$ cat work_27.pdb   # PDB, C-alpha atoms
ATOM      1  CA  MET A 186       0.000   0.000   0.000
ATOM      2  CA  PRO A 187       1.575   3.325  -1.051
ATOM      3  CA  GLY A 188      -0.129   5.329   1.689
ATOM      4  CA  VAL A 189      -3.272   6.485   3.432
ATOM      5  CA  ALA A 190      -5.354   9.452   2.289
ATOM      6  CA  PHE A 191      -7.595  11.108   4.855
ATOM      7  CA  VAL A 192     -10.264  12.759   2.726
ATOM      8  CA  ALA A 193     -13.018  15.254   3.420
ATOM      9  CA  HIS A 194     -16.356  13.583   4.118
ATOM     10  CA  CYS A 195     -18.064  15.067   1.074
ATOM     11  CA  LEU A 196     -15.629  13.474  -1.367
ATOM     12  CA  LEU A 197     -17.419  10.192  -0.674
ATOM     13  CA  ASN A 198     -20.786  11.689   0.193
ATOM     14  CA  GLN A 199     -22.023  14.782  -1.596
ATOM     15  CA  ASN A 200     -25.270  14.452   0.378
ATOM     16  CA  SER A 201     -23.457  16.194   3.227
ATOM     17  CA  LYS A 202     -22.992  19.401   1.229
ATOM     18  CA  THR A 203     -24.713  22.696   1.897
ATOM     19  CA  ASP A 204     -27.861  23.102  -0.196
ATOM     20  CA  GLY A 205     -26.789  23.825  -3.757
ATOM     21  CA  GLY A 206     -23.300  22.463  -3.296
ATOM     22  CA  ALA A 207     -23.606  18.817  -4.365
ATOM     23  CA  ARG A 208     -21.726  18.347  -7.644
ATOM     24  CA  CYS A 209     -22.841  14.734  -8.131
ATOM     25  CA  PRO A 210     -25.256  12.217  -6.528
ATOM     26  CA  GLY A 211     -22.817  10.668  -4.081
ATOM     27  CA  VAL A 212     -19.127   9.959  -4.629
ATOM     28  CA  TYR A 213     -16.998  12.714  -6.159
ATOM     29  CA  SER A 214     -15.161  10.314  -8.397
ATOM     30  CA  PRO A 215     -12.321  12.235 -10.102
ATOM     31  CA  LEU A 216     -10.024  12.320  -7.107
ATOM     32  CA  VAL A 217     -11.330   9.187  -5.411
ATOM     33  CA  ASP A 218     -10.621   7.209  -8.586
ATOM     34  CA  GLU A 219      -7.120   8.662  -8.778
ATOM     35  CA  LEU A 220      -6.350   7.618  -5.215
ATOM     36  CA  ARG A 221      -7.719   4.113  -5.718
ATOM     37  CA  GLU A 222      -6.009   3.553  -9.058
ATOM     38  CA  ARG A 223      -2.715   4.187  -7.297
ATOM     39  CA  GLY A 224      -3.557   1.834  -4.462
ATOM     40  CA  TRP A 225      -3.965   4.395  -1.697
ATOM     41  CA  ARG A 226      -6.102   3.449   1.278
ATOM     42  CA  ILE A 227      -8.960   5.921   1.781
ATOM     43  CA  GLU A 228     -10.052   7.113   5.206
ATOM     44  CA  GLN A 229     -13.057   9.436   5.262
ATOM     45  CA  MET A 230     -13.069  12.188   7.865
ATOM     46  CA  PRO A 231     -16.344  13.304   9.477
ATOM     47  CA  CYS A 232     -17.949  16.503   8.154
ATOM     48  CA  PRO A 233     -17.534  19.172  10.862
ATOM     49  CA  GLU A 234     -20.548  21.167   9.665
ATOM     50  CA  LEU A 235     -23.051  18.364   9.092
ATOM     51  CA  ALA A 236     -23.830  17.457  12.688
ATOM     52  CA  PHE A 237     -23.296  20.990  14.014
ATOM     53  CA  THR A 238     -25.390  23.185  11.749
ATOM     54  CA  GLY A 239     -27.201  20.429   9.878
ATOM     55  CA  LEU A 240     -28.353  19.721   6.368
ATOM     56  CA  ASN A 241     -30.344  22.965   6.135
ATOM     57  CA  ARG A 242     -27.355  25.148   6.974
ATOM     58  CA  PHE A 243     -26.641  28.317   5.040
ATOM     59  CA  TRP A 244     -23.450  28.870   3.136
ATOM     60  CA  ALA A 245     -21.225  30.571   5.697
ATOM     61  CA  VAL A 246     -17.792  32.092   6.118
ATOM     62  CA  ARG A 247     -15.094  31.387   8.691
ATOM     63  CA  GLU A 248     -16.118  34.217  10.989
ATOM     64  CA  GLN A 249     -19.634  32.794  11.343
ATOM     65  CA  TYR A 250     -18.275  29.391  12.345
ATOM     66  CA  ASP A 251     -15.474  30.725  14.528
ATOM     67  CA  THR A 252     -17.239  30.255  17.839
ATOM     68  CA  THR A 253     -16.126  28.497  20.995
ATOM     69  CA  ALA A 254     -18.810  25.863  20.544
ATOM     70  CA  PHE A 255     -17.847  25.082  16.936
ATOM     71  CA  ARG A 256     -14.153  24.926  17.790
ATOM     72  CA  ARG A 257     -14.985  22.548  20.662
ATOM     73  CA  HIS A 258     -16.998  20.415  18.225
ATOM     74  CA  CYS A 259     -14.133  20.494  15.710
ATOM     75  CA  ARG A 260     -11.598  19.551  18.367
ATOM     76  CA  LYS A 261     -13.717  16.526  19.321
ATOM     77  CA  ILE A 262     -13.729  15.374  15.686
ATOM     78  CA  ALA A 263     -10.051  16.305  15.307
ATOM     79  CA  ALA A 264      -9.172  14.110  18.279
ATOM     80  CA  ALA A 265     -10.952  11.185  16.617
ATOM     81  CA  VAL A 266      -9.200  11.768  13.275
ATOM     82  CA  ALA A 267      -5.816  12.432  14.883
ATOM     83  CA  GLY A 268      -6.092   9.119  16.703
ATOM     84  CA  ALA A 269      -6.449   7.333  13.372
ATOM     85  CA  ILE A 270      -3.640   9.336  11.754
ATOM     86  CA  GLU A 271      -1.447   8.489  14.720
ATOM     87  CA  VAL A 272      -2.040   4.758  14.139
ATOM     88  CA  HIS A 273      -0.869   5.017  10.546
ATOM     89  CA  VAL A 274       2.098   7.239  11.338
ATOM     90  CA  ALA A 275       3.184   4.729  13.987
ATOM     91  CA  HIS A 276       3.011   1.995  11.315
ATOM     92  CA  GLY A 277       5.256   4.065   9.058
ATOM     93  CA  ASP A 278       2.519   4.700   6.495
ATOM     94  CA  ASP A 279       2.728   7.723   4.229
ATOM     95  CA  VAL A 280      -0.268   9.895   5.157
ATOM     96  CA  ILE A 281      -1.833  12.699   3.130
ATOM     97  CA  LEU A 282      -4.897  14.829   3.715
ATOM     98  CA  VAL A 283      -7.372  16.061   1.103
ATOM     99  CA  GLY A 284      -9.626  18.878   2.275
ATOM    100  CA  ILE A 285     -11.954  21.286   0.472
ATOM    101  CA  ASP A 286     -10.544  24.618  -0.545
ATOM    102  CA  GLY A 287     -12.941  27.513  -0.104
ATOM    103  CA  SER A 288     -14.604  25.812   2.862
ATOM    104  CA  PRO A 289     -14.822  27.679   6.186
ATOM    105  CA  SER A 290     -14.010  24.453   8.020
ATOM    106  CA  MET A 291     -12.247  22.089   5.588
ATOM    107  CA  GLY A 292     -10.183  24.585   3.582
ATOM    108  CA  VAL A 293      -6.492  23.701   3.360
ATOM    109  CA  HIS A 294      -4.960  26.607   1.447
ATOM    110  CA  VAL A 295      -8.096  28.645   0.709
ATOM    111  CA  THR A 296     -10.942  29.332   3.101
ATOM    112  CA  SER A 297     -13.774  31.864   3.027
ATOM    113  CA  SER A 298     -13.745  35.045   5.024
ATOM    114  CA  ASP A 299     -15.972  38.084   5.433
ATOM    115  CA  PRO A 300     -15.873  39.765   8.842
ATOM    116  CA  ALA A 301     -19.060  41.700   8.102
ATOM    117  CA  ARG A 302     -21.246  38.773   7.109
ATOM    118  CA  GLY A 303     -24.170  38.083   9.395
ATOM    119  CA  GLY A 304     -27.834  38.751   9.953
ATOM    120  CA  ARG A 305     -30.384  38.226   7.212
ATOM    121  CA  PRO A 306     -28.678  36.026   4.630
ATOM    122  CA  GLU A 307     -28.690  38.239   1.556
ATOM    123  CA  TRP A 308     -25.478  38.900  -0.244
ATOM    124  CA  PRO A 309     -24.579  39.263  -3.899
ATOM    125  CA  ASP A 310     -23.237  36.331  -5.871
ATOM    126  CA  GLY A 311     -19.526  36.662  -6.347
ATOM    127  CA  ALA A 312     -18.920  38.427  -3.048
ATOM    128  CA  PRO A 313     -15.135  38.318  -2.513
ATOM    129  CA  GLU A 314     -15.169  35.888   0.404
ATOM    130  CA  LEU A 315     -12.342  33.576  -0.673
ATOM    131  CA  SER A 316      -9.119  34.202   1.161
ATOM    132  CA  PRO A 317      -5.841  32.418   1.804
ATOM    133  CA  GLY A 318      -5.769  30.243   4.888
ATOM    134  CA  SER A 319      -7.142  27.098   6.448
ATOM    135  CA  GLY A 320     -10.598  26.293   7.707
ATOM    136  CA  ILE A 321     -11.393  25.922  11.388
ATOM    137  CA  PHE A 322     -11.412  22.122  11.461
ATOM    138  CA  LEU A 323      -8.022  22.022   9.739
ATOM    139  CA  GLU A 324      -6.654  24.417  12.371
ATOM    140  CA  GLU A 325      -7.999  22.262  15.181
ATOM    141  CA  LEU A 326      -6.671  19.065  13.582
ATOM    142  CA  THR A 327      -3.234  20.610  13.156
ATOM    143  CA  ALA A 328      -3.261  21.686  16.804
ATOM    144  CA  GLU A 329      -4.425  18.257  17.960
ATOM    145  CA  LEU A 330      -1.675  16.511  15.984
ATOM    146  CA  ALA A 331       0.946  18.946  17.329
ATOM    147  CA  GLU A 332      -0.139  18.204  20.900
ATOM    148  CA  ARG A 333       0.358  14.497  20.167
ATOM    149  CA  GLY A 334       3.770  15.127  18.608
ATOM    150  CA  VAL A 335       2.535  13.931  15.207
ATOM    151  CA  THR A 336       3.708  15.819  12.131
ATOM    152  CA  ALA A 337       0.785  17.164  10.126
ATOM    153  CA  PRO A 338       0.346  15.271   6.835
ATOM    154  CA  ARG A 339       0.969  16.826   3.436
ATOM    155  CA  ALA A 340      -2.333  18.301   2.365
ATOM    156  CA  MET A 341      -4.288  19.810  -0.474
ATOM    157  CA  GLY A 342      -7.783  21.144  -0.931
ATOM    158  CA  VAL A 343     -10.188  20.011  -3.610
ATOM    159  CA  SER A 344     -11.001  23.084  -5.686
ATOM    160  CA  HIS A 345     -14.380  22.134  -7.140
ATOM    161  CA  GLN A 346     -16.168  24.975  -5.409
ATOM    162  CA  LEU A 347     -13.711  27.650  -6.475
ATOM    163  CA  PRO A 348     -14.372  29.796  -9.567
ATOM    164  CA  THR A 349     -10.895  28.899 -10.814
ATOM    165  CA  HIS A 350     -11.609  25.151 -10.658
ATOM    166  CA  ASP A 351      -9.609  23.218 -13.233
ATOM    167  CA  PRO A 352     -10.249  19.441 -13.005
ATOM    168  CA  SER A 353      -7.003  18.448 -14.718
ATOM    169  CA  GLN A 354      -4.951  20.765 -12.526
ATOM    170  CA  GLU A 355      -6.720  19.434  -9.432
ATOM    171  CA  ARG A 356      -5.921  15.859 -10.446
ATOM    172  CA  ALA A 357      -2.296  16.773 -11.139
ATOM    173  CA  GLN A 358      -2.069  18.376  -7.713
ATOM    174  CA  LEU A 359      -3.318  15.170  -6.092
ATOM    175  CA  VAL A 360      -0.791  13.104  -8.022
ATOM    176  CA  ALA A 361       1.976  15.452  -6.896
ATOM    177  CA  LEU A 362       0.761  15.166  -3.319
ATOM    178  CA  MET A 363       0.778  11.367  -3.459
ATOM    179  CA  GLU A 364       4.264  11.424  -4.935
ATOM    180  CA  GLY A 365       5.576  13.499  -2.077
ATOM    181  CA  GLY A 366       4.991  17.055  -3.222
ATOM    182  CA  GLY A 367       2.231  19.482  -2.336
TER     183      GLY A 367
ATOM    184  CA  MET B 232     -31.991  22.283  -3.866
ATOM    185  CA  GLU B 233     -31.862  23.947  -7.286
ATOM    186  CA  GLY B 234     -28.731  22.869  -9.155
ATOM    187  CA  ASP B 235     -27.911  20.419  -6.387
ATOM    188  CA  LEU B 236     -27.218  16.869  -7.595
ATOM    189  CA  ARG B 237     -27.396  14.951  -4.315
ATOM    190  CA  SER B 238     -29.159  11.590  -4.334
ATOM    191  CA  PHE B 239     -30.620  11.673  -0.789
ATOM    192  CA  ARG B 240     -29.247   8.141  -0.380
ATOM    193  CA  VAL B 241     -26.389   7.310   1.974
ATOM    194  CA  ALA B 242     -24.741   3.938   2.553
ATOM    195  CA  LEU B 243     -22.818   3.225   5.740
ATOM    196  CA  VAL B 244     -19.953   1.127   4.433
ATOM    197  CA  ALA B 245     -17.404  -1.097   6.118
ATOM    198  CA  SER B 246     -13.912   0.263   5.609
ATOM    199  CA  GLU B 247     -12.767  -3.079   4.221
ATOM    200  CA  LEU B 248     -15.331  -2.682   1.409
ATOM    201  CA  VAL B 249     -14.152   0.864   0.675
ATOM    202  CA  ASN B 250     -10.580  -0.428   0.516
ATOM    203  CA  PRO B 251     -11.067  -4.018  -0.668
ATOM    204  CA  GLU B 252      -8.360  -6.624  -0.954
ATOM    205  CA  ALA B 253      -7.586  -7.841  -4.463
ATOM    206  CA  GLY B 254     -10.538  -9.898  -5.671
ATOM    207  CA  GLY B 255     -12.847  -8.552  -2.963
ATOM    208  CA  VAL B 256     -16.139  -6.773  -3.561
ATOM    209  CA  ASP B 257     -15.477  -3.158  -4.496
ATOM    210  CA  ALA B 258     -18.468  -1.681  -2.714
ATOM    211  CA  LEU B 259     -17.406   1.921  -3.220
ATOM    212  CA  ALA B 260     -17.397   1.484  -6.994
ATOM    213  CA  VAL B 261     -20.928   0.048  -6.916
ATOM    214  CA  ILE B 262     -22.129   2.743  -4.547
ATOM    215  CA  GLU B 263     -20.733   5.390  -6.873
ATOM    216  CA  GLN B 264     -22.297   3.786  -9.956
ATOM    217  CA  GLU B 265     -25.682   3.502  -8.233
ATOM    218  CA  GLY B 266     -25.606   7.141  -7.169
ATOM    219  CA  TRP B 267     -25.368   6.678  -3.437
ATOM    220  CA  GLY B 268     -23.141   8.587  -1.056
ATOM    221  CA  ALA B 269     -20.868   6.667   1.308
ATOM    222  CA  MET B 270     -20.206   7.070   5.001
ATOM    223  CA  GLN B 271     -17.170   4.977   5.861
ATOM    224  CA  LEU B 272     -17.108   2.993   9.089
ATOM    225  CA  PRO B 273     -13.892   2.771  11.118
ATOM    226  CA  ALA B 274     -11.510   0.091   9.901
ATOM    227  CA  ALA B 275     -11.482  -3.203  11.789
ATOM    228  CA  ASP B 276      -7.740  -2.843  12.381
ATOM    229  CA  TYR B 277      -8.182   0.282  14.498
ATOM    230  CA  PRO B 278      -7.937  -0.243  18.252
ATOM    231  CA  ASP B 279     -11.171   0.268  20.178
ATOM    232  CA  GLU B 280     -10.078   3.613  21.608
ATOM    233  CA  VAL B 281      -9.529   4.912  18.064
ATOM    234  CA  ALA B 282     -12.649   3.359  16.538
ATOM    235  CA  ALA B 283     -15.117   4.381  19.269
ATOM    236  CA  PRO B 284     -15.021   8.169  18.714
ATOM    237  CA  LEU B 285     -15.156   7.628  14.949
ATOM    238  CA  LEU B 286     -18.214   5.403  15.352
ATOM    239  CA  ASP B 287     -19.816   8.084  17.485
ATOM    240  CA  GLN B 288     -19.318  10.586  14.662
ATOM    241  CA  VAL B 289     -20.864   8.173  12.170
ATOM    242  CA  ALA B 290     -23.912   7.783  14.405
ATOM    243  CA  GLU B 291     -24.270  11.507  15.001
ATOM    244  CA  GLN B 292     -24.115  12.276  11.297
ATOM    245  CA  THR B 293     -26.477   9.406  10.501
ATOM    246  CA  GLU B 294     -28.997  10.964  12.864
ATOM    247  CA  GLU B 295     -28.987  14.166  10.815
ATOM    248  CA  PHE B 296     -29.680  12.241   7.599
ATOM    249  CA  VAL B 297     -32.474  10.266   9.293
ATOM    250  CA  ARG B 298     -34.062  13.473  10.599
ATOM    251  CA  HIS B 299     -34.281  14.733   7.033
ATOM    252  CA  GLY B 300     -35.724  11.549   5.568
ATOM    253  CA  TYR B 301     -32.688  10.406   3.580
ATOM    254  CA  THR B 302     -32.614   6.745   2.553
ATOM    255  CA  LEU B 303     -29.981   4.751   4.417
ATOM    256  CA  ALA B 304     -28.396   1.342   4.036
ATOM    257  CA  LEU B 305     -25.608  -0.606   5.701
ATOM    258  CA  VAL B 306     -23.044  -2.347   3.508
ATOM    259  CA  GLY B 307     -20.893  -4.752   5.472
ATOM    260  CA  SER B 308     -20.662  -4.525   9.235
ATOM    261  CA  ARG B 309     -18.680  -2.995  12.051
ATOM    262  CA  GLU B 310     -18.538  -4.125  15.669
ATOM    263  CA  GLY B 311     -20.010  -1.443  17.904
ATOM    264  CA  LEU B 312     -22.087   0.242  15.197
ATOM    265  CA  GLU B 313     -25.428  -0.990  16.503
ATOM    266  CA  GLN B 314     -24.654   0.325  19.991
ATOM    267  CA  ALA B 315     -23.422   3.656  18.627
ATOM    268  CA  LEU B 316     -26.624   4.098  16.611
ATOM    269  CA  GLU B 317     -28.721   3.118  19.621
ATOM    270  CA  ARG B 318     -27.168   5.938  21.647
ATOM    271  CA  TYR B 319     -28.721   8.317  19.117
ATOM    272  CA  GLY B 320     -32.050   6.485  19.119
ATOM    273  CA  LEU B 321     -31.409   4.929  15.716
ATOM    274  CA  ALA B 322     -31.916   1.427  14.397
ATOM    275  CA  VAL B 323     -29.532  -0.323  12.036
ATOM    276  CA  PRO B 324     -30.726   0.398   8.461
ATOM    277  CA  PRO B 325     -31.368  -2.354   5.883
ATOM    278  CA  ALA B 326     -28.120  -4.268   5.618
ATOM    279  CA  ILE B 327     -26.171  -6.553   3.341
ATOM    280  CA  GLU B 328     -22.912  -8.508   3.499
ATOM    281  CA  PRO B 329     -22.249  -8.538  -0.236
ATOM    282  CA  ASP B 330     -20.591 -11.519  -1.889
ATOM    283  CA  ALA B 331     -20.649  -9.951  -5.338
ATOM    284  CA  ALA B 332     -21.014  -6.515  -6.943
ATOM    285  CA  ASP B 333     -24.262  -7.444  -8.727
ATOM    286  CA  GLN B 334     -25.790  -8.608  -5.465
ATOM    287  CA  LEU B 335     -24.948  -5.261  -3.870
ATOM    288  CA  ARG B 336     -26.279  -3.417  -6.906
ATOM    289  CA  ALA B 337     -29.620  -5.210  -6.650
ATOM    290  CA  PHE B 338     -29.811  -4.574  -2.913
ATOM    291  CA  LEU B 339     -29.186  -0.840  -3.284
ATOM    292  CA  ALA B 340     -31.789  -0.612  -6.046
ATOM    293  CA  GLU B 341     -34.307  -2.420  -3.844
ATOM    294  CA  VAL B 342     -33.666  -0.133  -0.861
ATOM    295  CA  ALA B 343     -33.797   2.965  -3.065
ATOM    296  CA  ALA B 344     -37.152   1.821  -4.454
ATOM    297  CA  GLY B 345     -38.472   1.631  -0.899
TER     298      GLY B 345
END

$ encode --input "work_27.pdb" --output "structure tokens"
Amino acid sequence: MPGVAFVAHCLLNQNSKTDGGARCPGVYSPLVDELRERGWRIEQMPCPELAFTGLNRFWAVREQYDTTAFRRHCRKIAAAVAGAIEVHVAHGDDVILVGIDGSPSMGVHVTSSDPARGGRPEWPDGAPELSPGSGIFLEELTAELAERGVTAPRAMGVSHQLPTHDPSQERAQLVALMEGGG
Amino acid sequence: MEGDLRSFRVALVASELVNPEAGGVDALAVIEQEGWGAMQLPAADYPDEVAAPLLDQVAEQTEEFVRHGYTLALVGSREGLEQALERYGLAVPPAIEPDAADQLRAFLAEVAAG
């Protein structure tokens, strides 16, 4: 086995997406197929937003999720995921992480930010909410791994919800990540 | 849900069927082809203290899908799942231990048809 890929929940289950966000009925196959073709073991992470704000949640930015309660919820999930990562690291497995860029919780290199967003949910399409940085769950997972003395895995974010989404580039990025880059 | 392609069908799947051995049933491939989403159960090779909090997350997220009337199924099995679901007041959904891809395909179609 070349390694273990911890993937965002919605890569295997688009039913967990915010209303309007599901790109396919269930499994987001482009990247999942790439991982499996190369023999990587897949480990699905829980969706931090699904059980906290539910299936009827609004699209939201980091600032709206950045509450003590949500961070506590994320840390609980992060502890569960870190425990599994720790098992694989102890076995000497190569571990990577595939998040969701643009997500307020699962973003790896791109999250969404708008300090003024709140109140009645009306905002224009194309509001400039994307910003560099990680989502809240990724921050909590990184902190949890650091506390355990486990090096954070190489990581990338799926870009399918970004306006610049390029499927071939996304696939190439995953290949590079599996091969030790990223 | 305008423009949203979700299927409203979620299969809880044993990790060993998401990552099958050579020659084993590739449940994830069938689930993808049949338009279901997958919620992966903790691998059998995880120690209990690692698997338990992951099972709790599976149960908590399953509860949210049940509340909203999504169709659920269990593909394979995982020790401790029934108890984890019970803690959230949930029963184990229709289940199968598939021996072959076509058998799983037929099962998912039957569950989806209600």

$ residues_around --input "work_27.pdb" --residues "B:Glu328" --least-positions-apart "5" --cutoff "8 Å" --atoms "only C-alpha atoms" --output "VMD selection string"
chain B and resid 306 to 308

$ interface_residues --input "work_27.pdb" --of "chain A" --to "chain B" --cutoff "10 Å" --atoms "all atoms listed in the file" --output "VMD selection string"
chain A and resid 194 to 214 217 to 218 221 224 to 241 261 to 262 264 to 273

$ atom_distance --input "work_27.pdb" --atom1 "atom CA of A:Leu347" --atom2 "atom CA of A:Asp286"
7.4 Å

$ axis_aligned_box --input "work_27.pdb" --around "stretch 347-366 of chain A" --padding-each-side "5 Å" --output "lines of an AutoDock Vina configuration file"
center_x = -4.4
center_y = 20.6
center_z = -8.4
size_x = 29.9
size_y = 28.4
size_z = 22.6

$ closest_residue --input "work_27.pdb" --among "B:Val261, B:Gly300, B:Leu243, B:Gly311" --to "B:Pro325" --atoms "only C-alpha atoms"
B:Leu243

$ residues_around --input "work_27.pdb" --residues "A:Arg257" --least-positions-apart "5" --cutoff "10 Å" --atoms "all atoms listed in the file" --output "MDAnalysis selection string"
chainID A and resid 252 262:263 322 325

$ atom_distance --input "work_27.pdb" --atom1 "atom CA of A:Glu222" --atom2 "atom CA of A:Ala190"
12.8 Å

$ resolve_selection --input "work_27.pdb" --expression "the PyMOL selection byres ((chain B and resi 345) around 12)" --output "PyMOL selection string"
chain B and resi 240+301-304+325+338-344
